[in-house]
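Before any comments, here is the structure.
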Amino acid sequence: MNNQANKLKTLVSSIKALRSTHFIAVTSGKGGVGKSTISANLANILASNGYKVALFDADIGLANLDVILNVRVNKNLLHVLKGECSLNDILVQIKPNLILIPGESGDEILKFNNQFLYERFLDEASALNDLDFLIIDTGAGIGGNTHLFLEAADEVIVVTVPDPAAITDAYAVIKVTSRVKNNIFMLFNMVKNDKEAVKIFENIRKVAKANITNDLNLELIGYLSENKNVSKSIKQRTLFTDDAEFSTSSGELKEIASKLLYRLERKVLDTSENRSFGSFFKRLIEQF
């Protein structure tokens, strides 16, 4: 077993020892940068390492997790909140330890205000209290109520590609998110090599340091190289971390998962608040 695998195994054991749900928001400044593909494959890596993971599609009108995962979605979280079905009715089992939670657009969910049905939803949500991770695939950009999901999450990962327009939009997300988060991760997709990712990141961090007055810790969590395995899996509606488990891209994403687990391991001792699936959505509704 190589060093990377050993490190991942150690982190898995450490975090499982203190089980609570960790909320990870994956976002971007614009669409088309691979945010949903990364969300799905990151969740797959965590699930494959024994974590109980849920993928929440927080912008189903524009996102495509159901397409990426090759599943049919008929109802979503809004139907549950309206009392038209139970939470269990909408959960889609993707594989052992990995489920999809289809969600209507964040705006619609957060505007819902039927207290009786909402209380029933919170009661049903207790069935997901044993989750280790909730990966939130947010809408792109800073519009709507995406920022509420980012504020409620434990960690925020901003995905971008080495394109000037995408980088500009990613910086806009970082600037807005820095008002509520001191720590933000950046993940570069479809780069030529690590040197390109580091060079662009350092430029962004330099601009952020000069223009963002908040005490921001902007960190490069990793990158994914341009790889035919990824585009092939997208076309086939499969996960590249399953199809090409030992490919360069899978290895790069596993390294990103390791860095994320290391960050969370340093936080798991904080048990001052209820860290369940239901409490997460309760915080969102109260913020709105």
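Just remember, in the structure tokens the first chain shown is A, the second B, etc., residues are 1-based per chain, and ligands are 1-based in the order shown.
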Residues of segment 49-93 of chain A in strand (DSSP E or B) according to DSSP, as JSON, numbers by chain? {"A": [53, 54, 55, 56, 57, 92, 93]}
Would you write out, as a Markdown table, a table of all residues in segment 131-230 of chain A that have an atom no more than 8 Å from an atom of segment 27-38 of chain A, listing for each the closest atom pair and the distance in Å to one decimal, considering only C-alpha atoms and ordering rows by chain and rising residue number?
```
| residue | atom | partner | partner_atom | distance |
| --- | --- | --- | --- | --- |
| A:Asp137 | CA | A:Ser36 | CA | 6.2 |
| A:Thr138 | CA | A:Thr27 | CA | 5.4 |
| A:Gly139 | CA | A:Thr27 | CA | 6.7 |
| A:Ala140 | CA | A:Ser28 | CA | 5.0 |
| A:Gly141 | CA | A:Gly29 | CA | 4.3 |
| A:Ile142 | CA | A:Gly29 | CA | 7.2 |
| A:Val156 | CA | A:Thr27 | CA | 7.3 |
| A:Ile157 | CA | A:Thr27 | CA | 6.2 |
| A:Val158 | CA | A:Thr27 | CA | 5.0 |
| A:Val159 | CA | A:Ser28 | CA | 5.0 |
| A:Thr160 | CA | A:Val33 | CA | 5.7 |
| A:Val161 | CA | A:Val33 | CA | 5.9 |
| A:Ala166 | CA | A:Lys30 | CA | 6.2 |
| A:Ile167 | CA | A:Gly29 | CA | 7.7 |
| A:Thr168 | CA | A:Gly29 | CA | 7.8 |
| A:Asp169 | CA | A:Gly29 | CA | 4.3 |
| A:Ala170 | CA | A:Gly29 | CA | 4.2 |
| A:Tyr171 | CA | A:Gly29 | CA | 7.5 |
| A:Ala172 | CA | A:Gly29 | CA | 7.0 |
| A:Val173 | CA | A:Gly29 | CA | 5.8 |
| A:Asn189 | CA | A:Val33 | CA | 7.0 |
```
Would you save the residues of that selection, restricted to C-alpha atoms, as a PDB file, in the first residue's frame?
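Output (out-v1.pdb):
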```
ATOM      1  CA  ASP A 137     -23.476  20.810  -5.252  1.00  0.00           C
ATOM      2  CA  THR A 138     -24.538  24.457  -5.227  1.00  0.00           C
ATOM      3  CA  GLY A 139     -25.672  26.667  -8.071  1.00  0.00           C
ATOM      4  CA  ALA A 140     -22.954  28.541  -9.945  1.00  0.00           C
ATOM      5  CA  GLY A 141     -22.309  32.220  -9.287  1.00  0.00           C
ATOM      6  CA  ILE A 142     -23.347  34.465  -6.440  1.00  0.00           C
ATOM      7  CA  VAL A 156     -16.270  25.631   0.772  1.00  0.00           C
ATOM      8  CA  ILE A 157     -14.505  24.449  -2.365  1.00  0.00           C
ATOM      9  CA  VAL A 158     -14.498  26.887  -5.301  1.00  0.00           C
ATOM     10  CA  VAL A 159     -13.946  25.112  -8.613  1.00  0.00           C
ATOM     11  CA  THR A 160     -12.582  26.896 -11.671  1.00  0.00           C
ATOM     12  CA  VAL A 161     -10.704  26.245 -14.906  1.00  0.00           C
ATOM     13  CA  ALA A 166     -14.006  31.550 -15.230  1.00  0.00           C
ATOM     14  CA  ILE A 167     -11.202  32.853 -13.010  1.00  0.00           C
ATOM     15  CA  THR A 168     -12.839  36.291 -12.773  1.00  0.00           C
ATOM     16  CA  ASP A 169     -16.155  34.728 -11.770  1.00  0.00           C
ATOM     17  CA  ALA A 170     -14.443  32.427  -9.262  1.00  0.00           C
ATOM     18  CA  TYR A 171     -12.773  35.430  -7.645  1.00  0.00           C
ATOM     19  CA  ALA A 172     -16.180  37.126  -7.342  1.00  0.00           C
ATOM     20  CA  VAL A 173     -17.474  34.070  -5.438  1.00  0.00           C
ATOM     21  CA  ASN A 189      -9.957  21.628 -13.131  1.00  0.00           C
TER      22      ASN A 189
END
```
Expressed in Å to a single decimal, how great is the separation between atom CA of Arg275 of chain A and atom CA of Ser20 of chain A?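 Straight-line distance from atom CA of Arg275 of chain A to atom CA of Ser20 of chain A works out to 5.9 Å.
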For Leu46 of chain A, which residue among A:Leu98, A:Val176, A:Leu69, A:Ile136 is the nearest when counting only C-alpha atoms?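 Nearest candidate to Leu46 of chain A out of A:Leu98, A:Val176, A:Leu69, A:Ile136: A:Leu98.
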Can you tell me, as a tab-separated table (two decimals) with all heavy atoms, in the first residue's frame, what residues are no more than 6 Å from Asp132 of chain A when counting only C-alpha atoms, ignoring any on the same chain fewer than 2 positions away?
```tsv
chain	number	residue	atom	x	y	z
A	20	SER	N	-19.94	12.50	13.13
A	20	SER	CA	-20.90	13.58	13.00
A	20	SER	C	-20.90	13.97	11.53
A	20	SER	O	-19.99	13.63	10.80
A	20	SER	CB	-20.52	14.78	13.88
A	20	SER	OG	-19.26	15.29	13.51
A	21	THR	N	-21.95	14.66	11.10
A	21	THR	CA	-22.05	15.00	9.69
A	21	THR	C	-21.23	16.25	9.37
A	21	THR	O	-21.33	17.26	10.06
A	21	THR	CB	-23.51	15.23	9.29
A	21	THR	OG1	-24.28	14.08	9.62
A	21	THR	CG2	-23.62	15.47	7.79
A	51	TYR	N	-17.17	5.84	4.28
A	51	TYR	CA	-18.00	6.89	4.83
A	51	TYR	C	-19.42	6.78	4.30
A	51	TYR	O	-19.63	6.36	3.16
A	51	TYR	CB	-17.45	8.27	4.46
A	51	TYR	CG	-16.17	8.65	5.15
A	51	TYR	CD1	-14.98	8.71	4.44
A	51	TYR	CD2	-16.15	8.95	6.50
A	51	TYR	CE1	-13.79	9.08	5.07
A	51	TYR	CE2	-14.98	9.31	7.13
A	51	TYR	CZ	-13.81	9.37	6.42
A	51	TYR	OH	-12.65	9.73	7.04
A	52	LYS	N	-20.38	7.22	5.11
A	52	LYS	CA	-21.76	7.34	4.63
A	52	LYS	C	-21.93	8.75	4.08
A	52	LYS	O	-21.79	9.73	4.82
A	52	LYS	CB	-22.74	7.07	5.77
A	52	LYS	CG	-22.73	5.62	6.24
A	52	LYS	CD	-23.81	5.35	7.25
A	52	LYS	CE	-23.82	3.88	7.66
A	52	LYS	NZ	-24.90	3.58	8.64
A	53	VAL	N	-22.21	8.84	2.79
A	53	VAL	CA	-22.20	10.12	2.09
A	53	VAL	C	-23.51	10.36	1.37
A	53	VAL	O	-24.08	9.45	0.77
A	53	VAL	CB	-21.04	10.18	1.06
A	53	VAL	CG1	-20.95	11.56	0.41
A	53	VAL	CG2	-19.71	9.79	1.70
```
Could you state the separation of atom CA of Arg283 of chain A and atom CA of His79 of chain A in Å, given to one decimal place?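 We find that atom CA of Arg283 of chain A and atom CA of His79 of chain A lie 19.8 Å from each other.
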May I have all residues of segment 75-215 of chain A that DSSP, computed from the backbone, assigns to alpha helix (DSSP H), given as JSON, numbers by chain? {"A": [77, 78, 79, 80, 81, 87, 88, 89, 90, 106, 107, 108, 109, 110, 111, 115, 116, 117, 118, 119, 120, 121, 122, 123, 124, 125, 146, 147, 148, 149, 150, 151, 152, 164, 165, 166, 167, 168, 169, 170, 171, 172, 173, 174, 175, 176, 177, 194, 195, 196, 197, 198, 199, 200, 201, 202, 203, 204, 205, 206, 207, 208, 209, 210, 211]}
Any idea what's packed within 9 Å of Leu260 of chain A, counting only C-alpha atoms, ignoring anything in its chain fewer than 5 positions away? Could you give it as a PDB file with N, CA, C and O atoms, in the first residue's frame?
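Contents of selection29.pdb, as written:
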```pdb
ATOM      1  N   GLU A 155     -16.939  23.505   5.039  1.00  0.00           N
ATOM      2  CA  GLU A 155     -15.873  23.860   4.117  1.00  0.00           C
ATOM      3  C   GLU A 155     -16.469  24.240   2.766  1.00  0.00           C
ATOM      4  O   GLU A 155     -17.482  23.678   2.337  1.00  0.00           O
ATOM      5  N   ILE A 221      -6.458  23.470  -2.705  1.00  0.00           N
ATOM      6  CA  ILE A 221      -6.647  22.100  -2.216  1.00  0.00           C
ATOM      7  C   ILE A 221      -6.170  21.082  -3.242  1.00  0.00           C
ATOM      8  O   ILE A 221      -5.918  19.926  -2.916  1.00  0.00           O
ATOM      9  N   GLU A 255      -6.045  12.623  -3.618  1.00  0.00           N
ATOM     10  CA  GLU A 255      -5.167  13.513  -2.858  1.00  0.00           C
ATOM     11  C   GLU A 255      -5.954  14.695  -2.307  1.00  0.00           C
ATOM     12  O   GLU A 255      -5.744  15.145  -1.169  1.00  0.00           O
ATOM     13  N   GLU A 265     -10.311  16.570  10.259  1.00  0.00           N
ATOM     14  CA  GLU A 265      -9.818  15.852  11.439  1.00  0.00           C
ATOM     15  C   GLU A 265      -9.456  16.845  12.533  1.00  0.00           C
ATOM     16  O   GLU A 265      -9.606  16.564  13.719  1.00  0.00           O
TER      17      GLU A 265
END
```
Can you list, as a VMD selection string, every protein, DNA or RNA residue that comes within 10 Å of Lys228 of chain A when you count only C-alpha atoms, leaving out same-chain residues fewer than 5 positions away? chain A and resid 233 to 234 240 249
For the residues in that selection, give me N, CA, C and O atoms as a compact mmCIF listing (two decimals), in the first residue's frame.
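That gives us selection_17.txt:
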```
# COMPACT_ATOMS: atom_id res chain seq x y z
N SER A 233 -16.01 9.31 -19.21
CA SER A 233 -16.97 8.92 -18.18
C SER A 233 -18.20 9.82 -18.19
O SER A 233 -19.32 9.36 -17.99
N ILE A 234 -17.99 11.12 -18.45
CA ILE A 234 -19.11 12.05 -18.51
C ILE A 234 -20.07 11.66 -19.63
O ILE A 234 -21.29 11.64 -19.46
N PHE A 240 -15.64 8.62 -13.16
CA PHE A 240 -14.27 8.27 -13.58
C PHE A 240 -13.48 7.64 -12.45
O PHE A 240 -12.53 6.89 -12.70
N SER A 249 -6.23 11.23 -12.93
CA SER A 249 -7.31 12.07 -12.39
C SER A 249 -7.85 11.52 -11.09
O SER A 249 -8.11 12.27 -10.14
```
